[in-house]
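So this one's upload_15.cif, mmCIF, C-alpha atoms:
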data_upload
loop_
_atom_site.label_atom_id
_atom_site.label_comp_id
_atom_site.auth_asym_id
_atom_site.auth_seq_id
_atom_site.Cartn_x
_atom_site.Cartn_y
_atom_site.Cartn_z
CA MET A 64 -22.97 -30.02 6.39
CA LEU A 65 -20.26 -29.74 3.74
CA VAL A 66 -18.19 -26.56 4.01
CA PRO A 67 -16.72 -25.60 0.61
CA LEU A 68 -12.97 -24.98 0.58
CA PRO A 69 -13.38 -21.40 -0.76
CA TRP A 70 -15.25 -20.58 2.46
CA MET A 71 -12.20 -21.49 4.51
CA VAL A 72 -10.18 -19.15 2.32
CA SER A 73 -12.80 -16.45 2.89
CA LEU A 74 -12.30 -16.79 6.64
CA LEU A 75 -8.52 -16.52 6.28
CA ALA A 76 -8.86 -13.47 4.04
CA ALA A 77 -11.13 -11.84 6.65
CA ILE A 78 -8.50 -12.49 9.36
CA ALA A 79 -5.82 -10.94 7.16
CA ALA A 80 -8.06 -7.91 6.50
CA LEU A 81 -8.60 -7.45 10.24
CA THR A 82 -4.84 -7.61 10.78
CA LEU A 83 -4.37 -4.85 8.24
CA LEU A 84 -7.06 -2.62 9.70
CA ARG A 85 -5.52 -2.86 13.17
CA SER A 86 -1.98 -2.17 12.02
CA PRO A 87 -0.68 1.22 13.25
CA GLY A 88 2.34 1.09 10.95
CA MET A 89 0.53 2.00 7.72
CA PRO A 90 -1.35 5.11 6.61
CA ARG A 91 -5.11 4.87 6.89
CA ALA A 92 -5.75 4.97 3.14
CA ALA A 93 -3.41 2.04 2.48
CA ARG A 94 -4.93 0.02 5.32
CA TYR A 95 -8.50 0.55 4.17
CA LEU A 96 -7.81 -0.07 0.49
CA LEU A 97 -5.74 -3.24 1.04
CA ALA A 98 -8.19 -4.54 3.62
CA GLY A 99 -10.96 -3.87 1.08
CA PHE A 100 -9.02 -5.92 -1.46
CA LEU A 101 -8.86 -8.86 0.95
CA ILE A 102 -12.52 -8.50 1.94
CA VAL A 103 -13.58 -8.58 -1.72
CA LEU A 104 -11.46 -11.73 -2.23
CA GLY A 105 -13.15 -13.25 0.80
CA LEU A 106 -16.61 -12.42 -0.54
CA ALA A 107 -15.63 -13.87 -3.91
CA GLY A 108 -14.66 -17.10 -2.17
CA LEU A 109 -17.96 -17.14 -0.29
CA LEU A 110 -19.93 -16.69 -3.50
CA LEU A 111 -17.83 -19.31 -5.30
CA GLY A 112 -18.65 -21.80 -2.55
CA LEU A 113 -22.35 -21.04 -2.80
CA ARG A 114 -22.26 -21.45 -6.55
CA LEU A 115 -20.22 -24.65 -6.72
CA GLY A 116 -21.28 -26.32 -3.48
CA TYR A 117 -24.95 -25.47 -3.37
CA GLY A 118 -25.91 -24.31 -6.86
CA VAL A 119 -27.16 -20.90 -5.68
CA SER A 120 -28.24 -19.14 -8.86
CA TRP A 121 -27.89 -15.52 -7.71
CA ALA A 122 -24.26 -16.07 -6.67
CA ARG A 123 -23.13 -15.58 -10.27
CA THR A 124 -24.72 -12.12 -10.44
CA ALA A 125 -23.11 -11.19 -7.14
CA GLN A 126 -19.75 -12.43 -8.44
CA LEU A 127 -20.11 -10.15 -11.46
CA ALA A 128 -20.82 -7.22 -9.14
CA LEU A 129 -17.50 -7.80 -7.37
CA ALA A 130 -15.37 -9.02 -10.25
CA LEU A 131 -13.92 -5.66 -11.32
CA THR A 132 -13.01 -4.31 -7.86
CA PRO A 133 -10.15 -6.42 -6.37
CA MET A 134 -7.25 -5.25 -8.56
CA PRO A 135 -8.07 -1.51 -8.42
CA LEU A 136 -8.23 -1.78 -4.61
CA ALA A 137 -4.90 -3.64 -4.49
CA PHE A 138 -3.15 -1.17 -6.80
CA LEU A 139 -4.47 1.90 -5.00
CA GLY A 140 -3.59 0.39 -1.62
CA PHE A 141 0.02 -0.28 -2.55
CA ARG A 142 0.28 3.09 -4.30
CA ALA A 143 -0.90 4.84 -1.12
CA LEU A 144 2.31 3.62 0.51
CA THR A 145 4.21 5.84 -1.93
CA GLN A 146 2.08 8.98 -1.47
CA GLU A 147 3.01 11.41 1.27
CA ASN A 148 -0.39 13.06 1.40
CA GLY A 149 -2.53 10.05 0.59
CA PRO A 150 -4.66 9.58 -2.54
CA ASP A 151 -6.47 12.48 -4.17
CA LEU A 152 -10.09 11.56 -3.44
CA ARG A 153 -11.52 13.46 -6.41
CA ARG A 154 -9.09 11.79 -8.81
CA LEU A 155 -9.72 8.42 -7.17
CA LEU A 156 -13.45 8.82 -7.77
CA LEU A 157 -13.25 10.09 -11.35
CA VAL A 158 -10.41 7.91 -12.66
CA HIS A 159 -11.02 4.69 -10.75
CA ALA A 160 -14.30 4.36 -8.84
CA LEU A 161 -16.70 5.88 -11.37
CA PRO A 162 -15.49 3.92 -14.45
CA ILE A 163 -15.45 0.68 -12.44
CA ALA A 164 -18.98 1.33 -11.18
CA ILE A 165 -20.25 2.00 -14.71
CA LEU A 166 -18.58 -1.10 -16.14
CA THR A 167 -19.91 -3.19 -13.25
CA ALA A 168 -23.46 -2.00 -13.86
CA LEU A 169 -23.18 -2.79 -17.57
CA CYS A 170 -21.82 -6.29 -16.80
CA VAL A 171 -24.50 -7.07 -14.23
CA PHE A 172 -27.43 -5.76 -16.25
CA GLY A 173 -26.80 -7.70 -19.36
CA VAL A 174 -24.45 -6.32 -22.02
CA PRO A 175 -23.53 -9.61 -23.78
CA PHE A 176 -19.98 -10.83 -23.31
CA LEU A 177 -18.87 -7.52 -21.75
CA ALA A 178 -17.82 -9.19 -18.50
CA ASP A 179 -15.69 -11.69 -20.43
CA VAL A 180 -13.65 -8.79 -21.79
CA ALA A 181 -13.94 -6.20 -19.03
CA VAL A 182 -12.85 -8.35 -16.08
CA PRO A 183 -9.49 -9.54 -17.48
CA GLY A 184 -8.99 -6.20 -19.26
CA VAL A 185 -9.39 -4.08 -16.12
CA ALA A 186 -7.26 -6.49 -14.12
CA ALA A 187 -4.51 -6.30 -16.77
CA VAL A 188 -4.45 -2.49 -16.61
CA TYR A 189 -3.94 -2.53 -12.84
CA VAL A 190 -1.39 -5.35 -13.04
CA VAL A 191 0.72 -3.10 -15.25
CA GLY A 192 0.43 -0.38 -12.63
CA MET A 193 1.47 -2.77 -9.85
CA VAL A 194 4.44 -4.04 -11.86
CA ARG A 195 5.62 -0.45 -12.23
CA LEU A 196 5.25 0.07 -8.48
CA ALA A 197 7.23 -3.10 -7.79
CA GLN A 198 10.16 -1.72 -9.78
CA HIS A 199 10.57 1.26 -7.43
CA GLY A 200 13.14 1.22 -4.66
CA PRO A 201 12.54 1.67 -0.92
CA ASP A 202 12.64 5.46 -1.01
CA ALA A 203 9.54 5.56 -3.19
CA PHE A 204 7.63 3.71 -0.44
CA MET A 205 7.86 6.53 2.06
CA HIS A 206 5.48 4.89 4.55
CA VAL A 207 7.47 1.65 4.70
CA SER A 208 10.62 1.31 6.80
CA ALA A 209 13.73 -0.04 5.12
CA ALA A 210 13.56 -3.19 7.25
CA ARG A 211 10.07 -4.00 5.98
CA PHE A 212 10.43 -3.00 2.35
CA GLY A 213 11.38 -6.48 1.17
CA HIS A 214 8.26 -7.96 2.74
CA VAL A 215 6.00 -5.32 1.22
CA ARG A 216 7.52 -5.84 -2.22
CA GLY A 217 7.03 -9.60 -1.78
CA ALA A 218 3.36 -9.01 -0.97
CA LEU A 219 3.08 -6.80 -4.04
CA TRP A 220 4.54 -9.49 -6.30
CA ALA A 221 2.26 -12.12 -4.72
CA THR A 222 -0.71 -9.91 -5.59
CA ILE A 223 0.57 -9.49 -9.15
CA MET A 224 0.84 -13.28 -9.49
CA LEU A 225 -2.71 -13.68 -8.18
CA ALA A 226 -3.98 -11.16 -10.71
CA ALA A 227 -2.10 -12.82 -13.57
CA LEU A 228 -3.58 -16.23 -12.70
CA MET A 229 -7.07 -14.76 -12.43
CA ILE A 230 -6.68 -13.17 -15.85
CA ALA A 231 -5.47 -16.47 -17.30
CA SER A 232 -8.39 -18.31 -15.68
CA ASP A 233 -10.91 -15.85 -17.12
CA VAL A 234 -9.41 -16.22 -20.60
CA VAL A 235 -9.43 -20.04 -20.37
CA ILE A 236 -13.06 -20.08 -19.22
CA PHE A 237 -14.09 -17.73 -22.05
CA PHE A 238 -12.47 -19.80 -24.81
CA ALA A 239 -13.58 -23.12 -23.29
CA VAL A 240 -17.22 -21.99 -23.27
CA LEU A 241 -16.87 -20.43 -26.72
CA ARG A 242 -15.51 -23.68 -28.15
CA LEU A 243 -17.33 -26.36 -26.15
CA GLY A 244 -20.47 -24.64 -24.94
CA ASN A 245 -21.93 -23.87 -21.52
CA ASP A 246 -21.98 -27.56 -20.54
CA VAL A 247 -18.25 -27.41 -19.67
CA LEU A 248 -18.64 -24.27 -17.53
CA PRO A 249 -19.06 -26.00 -14.11
CA SER A 250 -15.99 -28.19 -14.69
CA VAL A 251 -13.83 -25.29 -15.86
CA ILE A 252 -14.91 -23.08 -12.96
CA ALA A 253 -14.20 -25.87 -10.48
CA GLY A 254 -10.69 -26.23 -11.88
CA ALA A 255 -10.08 -22.49 -11.84
CA SER A 256 -11.27 -22.30 -8.23
CA GLY A 257 -8.28 -24.39 -7.17
CA VAL A 258 -5.94 -21.75 -8.56
CA PHE A 259 -8.00 -19.05 -6.88
CA VAL A 260 -7.88 -20.77 -3.49
CA ALA A 261 -4.14 -21.39 -3.62
CA MET A 262 -3.20 -17.86 -4.60
CA VAL A 263 -5.57 -16.16 -2.17
CA VAL A 264 -4.00 -18.18 0.64
CA VAL A 265 -0.53 -17.02 -0.46
CA THR A 266 -1.57 -13.38 -0.79
CA ALA A 267 -3.76 -13.11 2.29
CA LEU A 268 -1.82 -15.18 4.79
CA ILE A 269 1.81 -14.83 3.78
CA GLY A 270 2.17 -11.55 1.92
CA LEU A 271 0.32 -8.71 3.61
CA PRO A 272 0.27 -9.84 7.26
CA LEU A 273 3.96 -10.74 7.04
CA ALA A 274 4.69 -7.27 5.70
CA LEU A 275 2.88 -5.72 8.64
CA ARG A 276 4.35 -7.91 11.38
CA ALA A 277 7.91 -8.03 10.07
CA PRO A 278 10.29 -6.76 12.78
CA ALA A 279 12.35 -3.66 12.27
CA VAL A 280 16.10 -4.00 11.95
CA HIS A 281 16.66 -3.02 15.57
CA ASP A 282 14.12 -5.46 17.02
CA ALA A 283 15.60 -8.13 19.24
CA GLY A 284 14.88 -11.76 18.79
CA SER A 285 13.70 -11.46 15.24
CA GLY A 286 14.99 -14.87 14.41
CA GLY A 287 16.25 -13.74 11.01
CA ALA A 288 19.71 -13.02 9.76
CA ALA A 289 21.07 -9.81 11.28
CA PRO A 290 21.87 -7.10 8.76
CA SER A 291 25.50 -6.19 8.30
CA PRO A 292 26.58 -3.24 10.48
CA PRO A 293 26.95 0.21 8.90
CA SER A 294 30.36 0.90 7.43
CA ASP A 295 32.56 3.91 8.12
CA GLU A 296 31.49 5.24 4.74
CA HIS A 297 27.83 5.07 5.79
CA ARG A 298 28.64 6.95 9.00
CA THR A 299 30.53 9.64 7.09
CA VAL A 300 27.70 10.17 4.62
CA MET A 301 25.20 10.31 7.47
CA GLU A 302 27.25 12.90 9.35
CA ARG A 303 27.42 15.08 6.24
CA LEU A 304 23.69 14.66 5.68
CA ASP A 305 22.83 15.55 9.28
CA THR A 306 25.07 18.62 9.09
CA LEU A 307 23.46 19.72 5.85
CA MET A 308 19.99 19.40 7.33
CA GLU A 309 20.89 21.23 10.51
CA GLU A 310 22.76 24.09 8.83
CA THR A 311 20.43 24.71 5.89
CA ALA A 312 17.05 23.42 7.15
CA LEU A 313 16.46 21.90 3.70
CA PHE A 314 13.74 19.74 5.21
CA THR A 315 11.45 22.78 5.39
CA ASP A 316 11.20 22.67 1.59
CA SER A 317 8.08 20.59 0.91
CA ASN A 318 9.42 19.68 -2.55
CA LEU A 319 12.70 18.28 -1.26
CA THR A 320 13.82 15.08 -3.02
CA LEU A 321 16.57 12.55 -2.52
CA ALA A 322 18.11 13.59 -5.84
CA ARG A 323 18.41 17.23 -4.75
CA VAL A 324 20.02 16.32 -1.44
CA ALA A 325 22.44 13.98 -3.19
CA ARG A 326 23.47 16.79 -5.55
CA ARG A 327 24.11 19.09 -2.59
CA LEU A 328 26.36 16.43 -1.08
CA ALA A 329 27.99 15.65 -4.45
CA LEU A 330 27.18 11.98 -3.95
CA PRO A 331 25.16 9.37 -5.86
CA ALA A 332 21.57 9.21 -4.63
CA ARG A 333 21.98 5.49 -3.96
CA ASP A 334 24.85 6.17 -1.54
CA VAL A 335 22.75 8.65 0.42
CA SER A 336 19.78 6.28 0.47
CA ASN A 337 21.91 3.34 1.60
CA ALA A 338 23.49 5.40 4.38
CA VAL A 339 20.09 6.47 5.70
CA ASN A 340 18.74 2.93 5.53
CA ARG A 341 21.73 1.40 7.30
CA MET A 342 22.09 4.07 9.97
CA THR A 343 18.44 4.69 10.83
CA GLY A 344 16.49 1.67 9.60
CA GLU A 345 14.17 4.07 7.78
CA ASN A 346 13.91 5.34 4.23
CA PHE A 347 14.89 8.83 3.14
CA SER A 348 11.35 10.24 3.28
CA ARG A 349 10.88 9.19 6.88
CA TYR A 350 14.32 10.55 7.75
CA VAL A 351 13.33 13.97 6.36
CA ASN A 352 9.98 13.84 8.14
CA GLY A 353 11.84 13.14 11.37
CA HIS A 354 13.62 16.49 10.98
CA ARG A 355 10.32 18.16 10.16
CA VAL A 356 8.70 16.76 13.27
CA ALA A 357 11.67 17.92 15.36
CA ARG A 358 11.19 21.46 14.01
CA ALA A 359 7.45 21.27 14.69
CA LYS A 360 8.09 20.13 18.28
CA ALA A 361 10.36 23.10 18.87
CA LEU A 362 7.81 25.54 17.43
CA LEU A 363 4.95 24.01 19.41
CA ALA A 364 6.90 24.24 22.66
CA GLU A 365 8.61 27.60 22.18
CA SER A 366 6.14 29.72 20.21
CA ASP A 367 2.49 30.70 20.11
CA LEU A 368 2.19 30.09 16.37
CA PRO A 369 -1.03 28.34 15.34
CA VAL A 370 -0.66 24.75 14.31
CA THR A 371 -1.57 25.60 10.71
CA GLU A 372 1.46 27.87 10.39
CA ILE A 373 3.71 25.33 12.08
CA ILE A 374 2.68 22.70 9.54
CA PHE A 375 4.02 24.73 6.62
CA ALA A 376 6.99 26.13 8.55
CA SER A 377 8.14 22.57 9.22
CA GLY A 378 7.95 21.46 5.59
CA PHE A 379 4.66 19.56 5.59
CA THR A 380 2.00 20.31 3.01
CA THR A 381 -1.19 18.99 4.61
CA LYS A 382 -2.57 18.69 8.10
CA SER A 383 -3.27 14.99 7.66
CA SER A 384 0.32 14.11 6.75
CA PHE A 385 1.62 16.32 9.57
CA ASN A 386 -0.63 14.70 12.18
CA SER A 387 0.20 11.21 10.92
CA GLU A 388 3.98 11.73 11.04
CA PHE A 389 3.88 13.64 14.34
CA ARG A 390 1.97 10.82 16.01
CA ARG A 391 4.28 8.20 14.47
CA VAL A 392 7.40 9.92 15.84
CA THR A 393 6.14 11.19 19.21
CA GLY A 394 3.17 8.98 20.02
CA GLN A 395 1.12 12.14 20.66
CA THR A 396 -1.05 14.53 18.73
CA PRO A 397 0.42 18.02 18.19
CA THR A 398 -2.24 19.51 20.47
CA ALA A 399 -1.48 17.07 23.29
CA PHE A 400 2.26 17.66 22.88
CA ARG A 401 1.88 21.45 23.13
CA ALA A 402 -0.37 21.15 26.15
CA ALA A 403 2.15 18.93 27.94
CA GLU A 404 5.08 21.23 27.09
CA THR A 405 3.38 24.45 28.20
CA ARG A 406 2.10 23.34 31.59
#
Let me see the file written as C-alpha cells.
Amino acid sequence: MLVPLPWMVSLLAAIAALTLLRSPGMPRAARYLLAGFLIVLGLAGLLLGLRLGYGVSWARTAQLALALTPMPLAFLGFRALTQENGPDLRRLLLVHALPIAILTALCVFGVPFLADVAVPGVAAVYVVGMVRLAQHGPDAFMHVSAARFGHVRGALWATIMLAALMIASDVVIFFAVLRLGNDVLPSVIAGASGVFVAMVVVTALIGLPLALRAPAVHDAGSGGAAPSPPSDEHRTVMERLDTLMEETALFTDSNLTLARVARRLALPARDVSNAVNRMTGENFSRYVNGHRVARAKALLAESDLPVTEIIFASGFTTKSSFNSEFRRVTGQTPTAFRAAETR
C-alpha cells in the first residue's frame, strides 16, 4: 500500500505536538495552542494525502474546514509566551475564534470564491502579528528563559516562513485555476504540497521541539558554545538591582516594568536586562517573579494569611499566574509548601 509523503509529515507533526504538550517549561495556554497548530498541520497533511493519493472527494471539504485555523493558533500560542496571566478567554473567543468559525462555515457551505480570498487573507493578518512578536526582545517573552529565547524566536520565524509560503501557494493556485481552468488544479496542488511538506518538517521538527529541549545556560554538556562570563559591570548592576528590590520591595507592584526599574537605577533598560540575563540566565520578568515567590514563601511559612491575600501581597495579579510561578520556582504548590513548613 502506497503511503503518501504528507502522511509521514503528519506523523512527525503529531510527535512534535506531543513533545509540546508534555513540556513543563511553558505555560499551559502556549502549550495547548502551539500543539493545536501542529495537530491542525498534521490533519492537513493527512487530508492532502487522501486527496492526492486516493482521490477521496470529501477531503477537500475537510481541508476547507481546517484551512483558516493554523495561523491564528500559532500566533496566539507564541503571544501567550508574552502574557503573564495568559490569554483573555472572552477576547480570544470574540476576536479570534468566533470570526474564524463564521468564515469557516461560509467557506464550507458554498459562498463562491470566499475561501480563495479568506484563507490567504486571514493568514496574512496573523503573519503581521507574528512578525511584530518576532521584533520583541527577550524581556517581552516572560515565560522563556534567556538561554532559550533564540530558539523560540527561530521557531517563530520558521512559522512565519511557513505561513508566507502557504499564502503564496494559495495565490498561485487561485490565479492558475482562474487562467487555465480546473484541469490544472491537481498538478498545481501536487506542486504546492512539496512546499507544504518541506516547511512543516522545518517548523514541526526543528523549530518548536528544539525551543523546548534547548539547554539552559548553566546546563552541563550542552555541546554548544559556552556564553561569555558576566563582566564586572554586570555584577555591579545586579548588586544594585538586588539591593533596590530588597530595600523597596518594588516587586510587590503588579505593574512594575523594566523601564521603571531602569529609571530608578538611572541606567539604560538594556543594561539592566543584559545584567539579569547574564547573571541569572532568566529574563527580567522571571527575575521579578522570583522575588515575588520568595515573598510568598515567607508569608506562607510565617503568617496565617489566606493564599488569596498572599497572592496580591506578593505582587501577582491572578491565582493562575501565582500557582504557575510558585510551582516553577519551588516544585510545589503553595498549599503543599505551607503544609510542609508548618508541621
Could you expand the PyMOL selection byres ((chain A and resi 317-325) around 7) into the explicit residues it covers here, written as JSON, numbers by chain?
-> {"A": [314, 315, 316, 326, 327, 328, 329, 330, 331, 332, 335, 347, 378, 379, 380]}
Run the PyMOL selection byres ((chain A and resi 189) around 12) on the file and write out the hits as a VMD selection string.
-> chain A and resid 131 to 142 159 163 182 to 188 190 to 196 222 to 223 226 to 227 230
Decode the PyMOL selection byres ((chain A and resi 167-181) around 12) for the given file into explicit residues and return them as an NGL selection string.
-> :A and (121-132 or 160-166 or 182-188 or 230-241)
Could you tell me how far atom CA of Tyr117 of chain A lies from atom CA of Pro69 of chain A, in Å and to one decimal?
->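 Result for atom CA of Tyr117 of chain A versus atom CA of Pro69 of chain A: 12.5 Å, one decimal.
A straight line drawn from atom CA of Leu225 of chain A to atom CA of Trp70 of chain A is 17.8 Å long.
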Leaving out Thr396 of chain A and any residue of its chain fewer than 6 positions from it, which residues lie within 12 Å of it when counting all atoms listed in the file, given as a tab-separated table (two decimals) with C-alpha atoms, in the frame of the given file?
chain	number	residue	atom	x	y	z
A	356	VAL	CA	8.70	16.76	13.27
A	359	ALA	CA	7.45	21.27	14.69
A	360	LYS	CA	8.09	20.13	18.28
A	363	LEU	CA	4.95	24.01	19.41
A	370	VAL	CA	-0.66	24.75	14.31
A	382	LYS	CA	-2.57	18.69	8.10
A	383	SER	CA	-3.27	14.99	7.66
A	385	PHE	CA	1.62	16.32	9.57
A	386	ASN	CA	-0.63	14.70	12.18
A	387	SER	CA	0.20	11.21	10.92
A	388	GLU	CA	3.98	11.73	11.04
A	389	PHE	CA	3.88	13.64	14.34
A	390	ARG	CA	1.97	10.82	16.01
A	402	ALA	CA	-0.37	21.15	26.15
A	403	ALA	CA	2.15	18.93	27.94
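For the atom pair formed by atom CA of Ala364 of chain A and atom CA of Arg391 of chain A, the distance is 18.2 Å, given to one decimal.
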Would you kindly identify which residues have an atom no farther than 12 Å from (15.6, 6.9, 6.2), using only C-alpha atoms and the file's own coordinates, and write them out as a PyMOL selection string?
-> chain A and resi 201-210+212+301+304-305+321+335-354
